[in-house]
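Enquirer: Below is the file query_14.txt, with compact mmCIF, C-alpha atoms and all ligand atoms.
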```txt
# COMPACT_ATOMS: atom_id res chain seq x y z
CA MET A 237 88.27 108.23 119.27
CA PHE A 238 90.12 106.38 121.93
CA ILE A 239 91.55 103.19 120.47
CA LYS A 240 91.74 100.17 122.77
CA SER A 241 92.89 96.58 122.33
CA SER A 242 90.51 93.83 121.25
CA ALA A 243 87.99 92.22 123.61
CA ASP A 244 89.33 89.23 125.41
CA ILE A 245 86.39 86.84 125.42
CA LYS A 246 86.68 83.11 125.87
CA GLU A 247 85.24 80.86 123.19
CA ASN A 248 82.93 79.09 125.66
CA GLU A 249 81.19 82.41 126.41
CA ILE A 250 80.01 82.72 122.85
CA THR A 251 76.41 82.16 121.78
CA PRO A 252 76.46 80.45 118.39
CA GLU A 253 74.22 82.01 115.76
CA SER A 254 72.19 78.79 115.36
CA VAL A 255 71.34 78.86 119.06
CA TYR A 256 70.07 82.42 118.73
CA ARG A 257 67.95 81.46 115.73
CA ASP A 258 66.50 78.45 117.55
CA ARG A 259 65.83 80.50 120.65
CA ARG A 260 64.09 83.18 118.59
CA ARG A 261 61.77 80.60 117.04
CA PHE A 262 61.19 79.09 120.48
CA MET A 263 60.38 82.49 121.96
CA GLN A 264 57.88 83.25 119.23
CA MET A 265 56.19 79.90 119.74
CA ALA A 266 56.07 80.52 123.49
CA LEU A 267 54.52 83.94 122.97
CA GLY A 268 52.03 82.54 120.51
CA ALA A 269 50.93 80.12 123.19
CA GLY A 270 50.34 83.01 125.56
CA ALA A 271 53.45 82.66 127.67
CA LEU A 272 55.24 85.91 128.31
CA ALA A 273 58.97 86.31 127.71
CA ALA A 274 60.34 85.63 131.13
CA SER A 275 63.81 85.23 132.53
CA PRO A 276 63.70 81.47 133.27
CA LEU A 277 63.98 80.89 129.52
CA ALA A 278 67.27 82.69 129.57
CA SER A 279 69.28 79.85 130.93
CA SER A 280 67.33 77.14 129.12
CA LYS A 281 70.35 76.03 127.10
CA PRO A 282 73.17 75.39 129.52
CA GLY A 283 76.50 74.97 127.83
CA PHE A 284 75.70 77.52 125.16
CA MET A 285 74.88 80.68 127.00
CA THR A 286 76.09 82.75 129.88
CA GLU A 287 73.62 83.65 132.61
CA THR A 288 72.62 86.88 130.89
CA PRO A 289 68.94 87.44 131.61
CA LEU A 290 66.78 87.09 128.54
CA THR A 291 65.11 90.43 129.11
CA SER A 292 65.91 93.34 131.33
CA GLY A 293 63.15 95.73 130.30
CA PRO A 294 59.45 95.85 130.98
CA ASP A 295 57.24 92.96 129.86
CA TRP A 296 55.40 95.00 127.23
CA LEU A 297 58.70 95.78 125.48
CA ALA A 298 60.10 92.26 125.77
CA LYS A 299 56.91 90.94 124.26
CA GLN A 300 56.88 93.46 121.42
CA ILE A 301 60.52 92.66 120.63
CA ALA A 302 59.96 88.90 120.66
CA GLN A 303 57.10 89.38 118.19
CA ALA A 304 59.14 91.55 115.81
CA GLU A 305 58.97 90.65 112.14
CA ALA A 306 61.87 88.38 111.24
CA TYR A 307 64.57 89.59 108.85
CA ASP A 308 63.82 88.34 105.36
CA LYS A 309 67.08 89.19 103.57
CA LYS A 310 69.80 86.66 103.02
CA ILE A 311 72.87 87.53 105.05
CA THR A 312 76.28 86.22 104.12
CA ASP A 313 78.12 87.85 107.05
CA LYS A 314 78.42 85.79 110.20
CA LEU A 315 76.75 87.35 113.23
CA THR A 316 79.04 88.71 115.92
CA PRO A 317 78.29 86.71 119.08
CA TYR A 318 76.03 88.37 121.65
CA GLU A 319 78.78 88.42 124.26
CA HIS A 320 81.04 90.51 122.04
CA VAL A 321 78.26 92.88 120.97
CA THR A 322 77.44 93.58 124.61
CA SER A 323 80.90 93.70 126.17
CA TYR A 324 83.00 95.61 123.61
CA ASN A 325 81.33 99.00 123.48
CA ASN A 326 81.85 102.69 122.97
CA PHE A 327 79.62 104.61 125.36
CA TYR A 328 81.84 107.30 126.76
CA GLU A 329 79.26 108.40 129.33
CA PHE A 330 80.36 105.27 131.23
CA GLY A 331 84.12 105.34 130.63
CA TYR A 332 86.72 105.13 127.91
CA ASP A 333 87.69 101.49 127.99
CA LYS A 334 85.76 99.10 125.75
CA SER A 335 84.74 97.07 128.79
CA ASP A 336 83.58 100.08 130.86
CA PRO A 337 80.01 100.40 129.50
CA ALA A 338 79.15 96.76 130.33
CA LYS A 339 80.62 97.25 133.82
CA HIS A 340 79.13 100.62 134.64
CA ALA A 341 75.96 101.17 132.60
CA GLY A 342 73.84 99.59 135.35
CA SER A 343 73.32 103.11 136.73
CA LEU A 344 71.26 104.00 133.66
CA GLN A 345 67.50 103.67 134.19
CA PRO A 346 65.98 103.21 130.74
CA HIS A 347 62.42 102.60 131.91
CA PRO A 348 60.20 104.54 132.01
CA TRP A 349 61.62 106.78 129.25
CA ARG A 350 60.34 109.87 127.49
CA VAL A 351 61.42 111.37 124.19
CA GLU A 352 60.96 114.98 123.14
CA ILE A 353 60.09 115.64 119.51
CA ALA A 354 60.87 119.28 118.69
CA GLY A 355 61.54 121.77 115.92
CA HIS A 356 60.02 122.22 112.48
CA ALA A 357 57.05 119.84 112.56
CA ASP A 358 53.28 120.25 112.86
CA LYS A 359 53.22 118.07 115.93
CA THR A 360 55.80 118.30 118.73
CA GLY A 361 55.87 117.39 122.42
CA VAL A 362 57.20 114.93 124.95
CA PHE A 363 56.08 111.32 124.53
CA ASP A 364 56.34 108.09 126.49
CA LEU A 365 58.47 105.52 124.72
CA GLU A 366 55.67 103.00 125.11
CA ASP A 367 53.28 105.28 123.21
CA LEU A 368 55.81 105.91 120.45
CA LEU A 369 56.45 102.19 120.05
CA GLY A 370 52.73 101.51 119.89
CA LYS A 371 52.64 103.33 116.54
CA VAL A 372 55.48 101.59 114.70
CA THR A 373 56.29 98.13 113.40
CA LEU A 374 59.23 96.37 115.03
CA ARG A 375 61.45 94.41 112.68
CA GLU A 376 64.66 92.51 112.97
CA ARG A 377 67.49 94.02 110.91
CA VAL A 378 70.87 92.42 110.59
CA TYR A 379 73.41 95.16 109.89
CA ARG A 380 77.15 95.59 109.75
CA LEU A 381 78.39 98.17 112.26
CA ARG A 382 81.71 99.73 111.20
CA CYS A 383 83.40 101.88 113.83
CA VAL A 384 85.64 104.73 112.70
CA GLU A 385 88.37 103.04 114.79
CA ALA A 386 88.49 100.29 112.11
CA TRP A 387 86.74 97.42 113.86
CA SER A 388 83.35 96.06 112.91
CA MET A 389 80.56 93.74 114.00
CA VAL A 390 77.42 92.21 112.50
CA ILE A 391 74.42 92.74 114.77
CA PRO A 392 70.81 91.52 114.62
CA TRP A 393 69.01 94.65 115.82
CA VAL A 394 65.33 94.88 116.58
CA GLY A 395 63.93 98.28 115.73
CA PHE A 396 61.77 100.34 113.44
CA GLU A 397 62.35 102.68 110.56
CA LEU A 398 63.11 106.16 111.86
CA GLY A 399 61.16 107.58 108.91
CA GLU A 400 58.02 105.73 110.01
CA LEU A 401 58.16 107.62 113.31
CA LEU A 402 59.24 111.00 111.92
CA LYS A 403 56.42 111.14 109.35
CA GLN A 404 53.85 110.93 112.14
CA PHE A 405 54.97 114.37 113.37
CA LYS A 406 54.55 115.93 109.92
CA PRO A 407 57.88 117.75 109.47
CA THR A 408 57.51 121.06 107.62
CA SER A 409 59.48 122.18 104.54
CA ARG A 410 61.94 123.92 106.90
CA ALA A 411 62.99 120.55 108.35
CA LYS A 412 66.25 119.94 106.48
CA TYR A 413 68.07 117.99 109.21
CA VAL A 414 67.27 115.85 112.23
CA ALA A 415 69.26 116.38 115.45
CA PHE A 416 69.49 113.77 118.20
CA THR A 417 70.49 114.20 121.84
CA THR A 418 71.47 111.63 124.49
CA LEU A 419 70.28 111.85 128.09
CA LEU A 420 72.16 114.39 130.23
CA ASP A 421 72.24 113.11 133.82
CA LYS A 422 75.46 112.87 135.83
CA LYS A 423 73.89 110.45 138.29
CA GLN A 424 72.92 107.94 135.61
CA MET A 425 75.88 108.65 133.34
CA PRO A 426 78.82 109.27 135.68
CA GLU A 427 81.41 110.28 133.09
CA GLN A 428 79.32 113.35 132.28
CA GLY A 429 80.37 114.70 135.69
CA SER A 430 84.07 113.96 135.25
CA ARG A 431 86.45 116.92 135.20
CA PHE A 432 88.67 115.00 132.79
CA SER A 433 86.02 114.36 130.20
CA THR A 434 86.85 115.69 126.76
CA ILE A 435 83.35 115.54 125.26
CA ASP A 436 80.96 118.45 125.62
CA TRP A 437 77.91 116.61 127.03
CA PRO A 438 75.26 115.63 126.15
CA TYR A 439 76.37 113.49 123.20
CA ARG A 440 74.76 114.85 120.05
CA GLU A 441 74.37 113.59 116.52
CA GLY A 442 72.52 114.52 113.36
CA LEU A 443 71.44 113.43 109.90
CA ARG A 444 70.21 115.14 106.79
CA ILE A 445 66.44 114.66 106.52
CA ASP A 446 66.74 112.35 103.49
CA GLU A 447 69.26 110.20 105.38
CA ALA A 448 66.93 110.10 108.37
CA MET A 449 63.99 109.07 106.16
CA HIS A 450 65.96 106.36 104.36
CA PRO A 451 64.45 102.91 105.03
CA LEU A 452 67.80 101.51 106.21
CA THR A 453 67.95 104.04 109.07
CA ILE A 454 66.42 102.57 112.20
CA LEU A 455 65.89 103.29 115.87
CA ALA A 456 66.77 100.11 117.75
CA VAL A 457 65.15 98.94 120.98
CA GLY A 458 66.60 95.43 121.04
CA LEU A 459 69.27 93.11 119.74
CA TYR A 460 69.46 89.35 119.43
CA GLY A 461 65.73 89.23 120.14
CA LYS A 462 66.20 90.80 123.58
CA VAL A 463 65.63 94.21 125.08
CA LEU A 464 68.59 96.49 124.26
CA PRO A 465 71.20 96.23 127.03
CA ASN A 466 72.11 99.53 128.69
CA GLN A 467 75.66 99.44 127.31
CA ASN A 468 74.28 99.32 123.75
CA GLY A 469 72.19 102.46 124.24
CA ALA A 470 68.98 101.46 125.98
CA PRO A 471 66.21 102.09 125.58
CA LEU A 472 66.42 103.76 122.16
CA ARG A 473 69.43 104.22 119.87
CA LEU A 474 69.99 105.19 116.29
CA VAL A 475 71.52 102.75 113.78
CA VAL A 476 72.71 104.08 110.42
CA PRO A 477 74.53 101.12 108.88
CA TRP A 478 76.37 102.92 106.06
CA LYS A 479 77.97 105.46 108.42
CA TYR A 480 80.70 105.14 111.03
CA GLY A 481 79.38 103.93 114.36
CA PHE A 482 79.72 107.26 116.14
CA LYS A 483 76.67 108.52 114.20
CA SER A 484 74.57 105.81 115.91
CA ILE A 485 73.76 107.81 119.03
CA LYS A 486 72.59 105.97 122.13
CA SER A 487 69.94 106.54 124.83
CA ILE A 488 68.13 109.25 122.87
CA VAL A 489 65.92 111.74 124.75
CA LYS A 490 65.39 114.36 122.05
CA ILE A 491 64.78 114.36 118.30
CA GLU A 492 64.60 117.78 116.68
CA PHE A 493 63.82 118.86 113.11
CA THR A 494 66.24 121.67 112.25
CA GLU A 495 66.82 123.97 109.31
CA LYS A 496 70.60 124.12 109.74
CA GLU A 497 73.12 121.30 110.01
CA PRO A 498 73.20 120.49 113.73
CA ALA A 499 76.40 120.47 115.79
CA THR A 500 77.53 116.90 116.47
CA SER A 501 79.78 115.72 119.31
CA TRP A 502 82.79 114.30 117.48
CA ASN A 503 82.71 116.88 114.73
CA VAL A 504 82.79 119.65 117.33
CA ARG A 505 85.63 117.97 119.19
CA ALA A 506 87.88 117.25 116.17
CA PRO A 507 86.39 118.53 112.89
CA ASN A 508 89.45 117.54 110.83
CA GLU A 509 89.05 113.91 112.00
CA TYR A 510 85.29 113.35 112.19
CA GLY A 511 83.00 114.81 109.57
CA PHE A 512 79.26 115.41 109.79
CA TYR A 513 78.58 112.82 107.06
CA ALA A 514 80.91 110.08 108.32
CA ASN A 515 80.00 107.72 105.49
CA VAL A 516 82.12 104.57 105.60
CA ASN A 517 84.72 105.03 102.88
CA PRO A 518 87.87 102.93 102.40
CA LYS A 519 89.37 105.65 100.16
CA VAL A 520 89.13 108.46 102.71
CA ASP A 521 91.54 107.75 105.53
CA HIS A 522 91.29 109.10 109.02
CA PRO A 523 94.24 111.52 109.47
CA ARG A 524 95.82 109.09 111.95
CA TRP A 525 95.00 105.69 110.41
CA SER A 526 93.86 103.93 107.24
CA GLN A 527 90.20 103.14 106.62
CA ALA A 528 90.96 100.62 103.84
CA SER A 529 90.40 97.58 106.07
CA GLU A 530 88.76 96.64 109.35
CA ARG A 531 89.03 94.11 112.15
CA ARG A 532 85.82 92.07 112.18
CA LEU A 533 85.02 90.93 115.71
CA PRO A 534 85.59 88.46 117.20
CA SER A 535 89.26 88.82 116.48
CA GLY A 536 92.37 87.89 118.38
CA LEU A 537 96.12 87.91 118.20
CA PHE A 538 96.32 84.68 116.15
CA SER A 539 93.18 85.27 114.08
CA PRO A 540 92.98 89.03 113.56
CA ASN A 541 90.15 88.62 111.04
CA ILE A 542 91.06 91.64 108.93
CA ILE A 543 88.74 92.26 105.98
CA ASP A 544 88.50 94.95 103.29
CA THR A 545 86.25 97.88 104.12
CA GLN A 546 83.47 98.53 101.60
CA LEU A 547 82.26 101.90 100.39
CA PHE A 548 79.14 102.85 102.37
CA ASN A 549 79.85 99.73 104.43
CA GLY A 550 78.47 97.64 101.56
CA TYR A 551 75.12 99.48 101.37
CA GLY A 552 76.05 101.51 98.28
CA ASP A 553 73.27 100.09 96.10
CA GLU A 554 70.73 101.48 98.53
CA VAL A 555 72.32 104.77 99.60
CA ALA A 556 74.89 106.01 97.04
CA GLN A 557 72.24 108.12 95.27
CA LEU A 558 71.86 110.25 98.41
CA TYR A 559 75.32 111.64 97.70
CA SER A 560 75.35 111.91 93.92
CA GLY A 561 77.39 114.92 92.83
CA MET A 562 78.99 115.31 96.26
CA ASP A 563 82.74 115.16 96.75
CA LEU A 564 83.03 112.42 99.39
CA LYS A 565 86.60 113.48 100.22
CA LYS A 566 85.37 116.96 101.10
CA TYR A 567 82.19 115.88 102.84
CA TYR A 568 83.76 113.07 104.88
N1 LIG A 601 76.26 107.36 121.81
C1 LIG A 601 76.54 107.99 122.97
N2 LIG A 601 75.55 108.65 123.61
N3 LIG A 601 77.76 107.99 123.53
C2 LIG A 601 78.82 107.37 122.92
O1 LIG A 601 79.94 107.39 123.45
N4 LIG A 601 79.60 106.07 120.99
C3 LIG A 601 79.38 105.91 119.56
C4 LIG A 601 77.99 105.35 119.23
N5 LIG A 601 76.98 106.03 120.02
C5 LIG A 601 78.58 106.71 121.68
C6 LIG A 601 77.26 106.70 121.18
C7 LIG A 601 80.41 105.09 118.93
S1 LIG A 601 81.94 105.80 118.77
C8 LIG A 601 80.15 103.86 118.44
S2 LIG A 601 81.30 103.00 117.52
C9 LIG A 601 78.87 103.19 118.70
O2 LIG A 601 77.99 103.96 119.54
C10 LIG A 601 79.15 101.87 119.39
O3 LIG A 601 77.96 101.15 119.58
P1 LIG A 601 78.02 99.76 120.36
O4 LIG A 601 78.73 100.01 121.66
O5 LIG A 601 76.61 99.32 120.52
O6 LIG A 601 78.82 98.83 119.47
```
If you convert what's in this file into structure tokens, what do you get?

Expert:
Amino acid sequence: MFIKSSADIKENEITPESVYRDRRRFMQMALGAGALAASPLASSKPGFMTETPLTSGPDWLAKQIAQAEAYDKKITDKLTPYEHVTSYNNFYEFGYDKSDPAKHAGSLQPHPWRVEIAGHADKTGVFDLEDLLGKVTLRERVYRLRCVEAWSMVIPWVGFELGELLKQFKPTSRAKYVAFTTLLDKKQMPEQGSRFSTIDWPYREGLRIDEAMHPLTILAVGLYGKVLPNQNGAPLRLVVPWKYGFKSIKSIVKIEFTEKEPATSWNVRAPNEYGFYANVNPKVDHPRWSQASERRLPSGLFSPNIIDTQLFNGYGDEVAQLYSGMDLKKYY
């Protein structure tokens, strides 16, 4: 990965968690009363928020997101403010600096969007995102996101269980893995046309089928109760909270059931540094840096906010059994 310095965001640009919670309740009340999620609500709390529009996607999606089931688990981690989540990004299709995706991802057109479902399943084809979302339940999920570069965030995603979607296509017994592909389009994703790019586009990722079916694995379409911003992987991105962030592929156009372990972008580029599994593990260091601790954003020079990294990013109770008997140092 390409390590960059921390985001330089002023304190007054931060949306406090309580404001988000209040706004979410307010939005749900407004929707219940028949009012549609509309941008005027976005700047309804001057002094707390920047002028970020409340929604940037179509009305049907904004409405579905605002009505998502609330997260019912107790979270002890503090949420990373919206402004950090959406301005400190890795999305190399738009540049290599952490601030590049927020600056340049406006060229991406996430609506309308189609997703191909392919490979070893009874049902395959190309589907409108709207149709796919009509068949799943949207839920809020607050997850830690731990990047392999040793920084982390806590993000309230809105999404659905990947397994809920995959089961609808009836994967066959030959479906041992699930491969994901990002959009390939130099016009929308300029870095894909760069002669200096070091990634073999399109960005690709993959999971074992049992990892893909695990209830913690989601496809996100929103965050902080809003439509997913382009820089975070609109309109559809994977989130696998116990794995390093590079597994959470953005702007997905293809999902394929495969028999063999699929090739994945970072593993192809540097197999000794980035494994296929990429489970968060403080005891398995990256060859060039330690994974024992992480910088929890927001962090700065005088408050670096360094915390210990947890095995499986703290989701061991739920996922450790997926890897029983496996040598995690070998299958990193
Ligand atoms: N997906 C695509 N298509 N392209 C990318 O460059 N970067 C990955 C992952 N998904 C990436 C991607 C990496 S390295 C990380 S850490 C996360 O996205 C970052 O997600 P975020 O920007 O929403 O925090």

Enquirer: Out of A:Phe493, A:Trp387, A:Phe432, A:Trp296, which residue has the shortest atom-to-atom distance to Gly481 in chain A when counting all atoms listed in the file?

Expert: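 Checking each candidate against Gly481 in chain A, we get A:Trp387 as the closest.
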
Enquirer: I'd like to know which of A:Ala448, A:Ile435, A:Val516, A:Leu537 is closest to ligand LIG 601 (chain A), using all atoms listed in the file.

Expert: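 Nearest to ligand LIG 601 (chain A): A:Ile435.
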
Enquirer: In terms of the shortest atom-to-atom distance over all atoms listed in the file, which of A:Ala506, A:Ile454, A:Met562, A:Ala304 is closest to Leu474 in chain A?

Expert: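 Of A:Ala506, A:Ile454, A:Met562, A:Ala304, the one nearest Leu474 in chain A is A:Ile454, counting all atoms listed in the file.
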
Enquirer: Which residues sit within 8 Å of ligand LIG 601 (chain A), counting all atoms listed in the file, listed as a ChimeraX atom specification?

Expert: /A:237,321-322,324-329,337,381-385,389,417-419,438-440,467-469,473-474,480-488

Enquirer: Can you work out the spacing between CA of Asn517 in chain A and CA of Phe548 in chain A in Å, to one decimal?

Expert: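 Going from CA of Asn517 in chain A over to CA of Phe548 in chain A, I get 6.0 Å.
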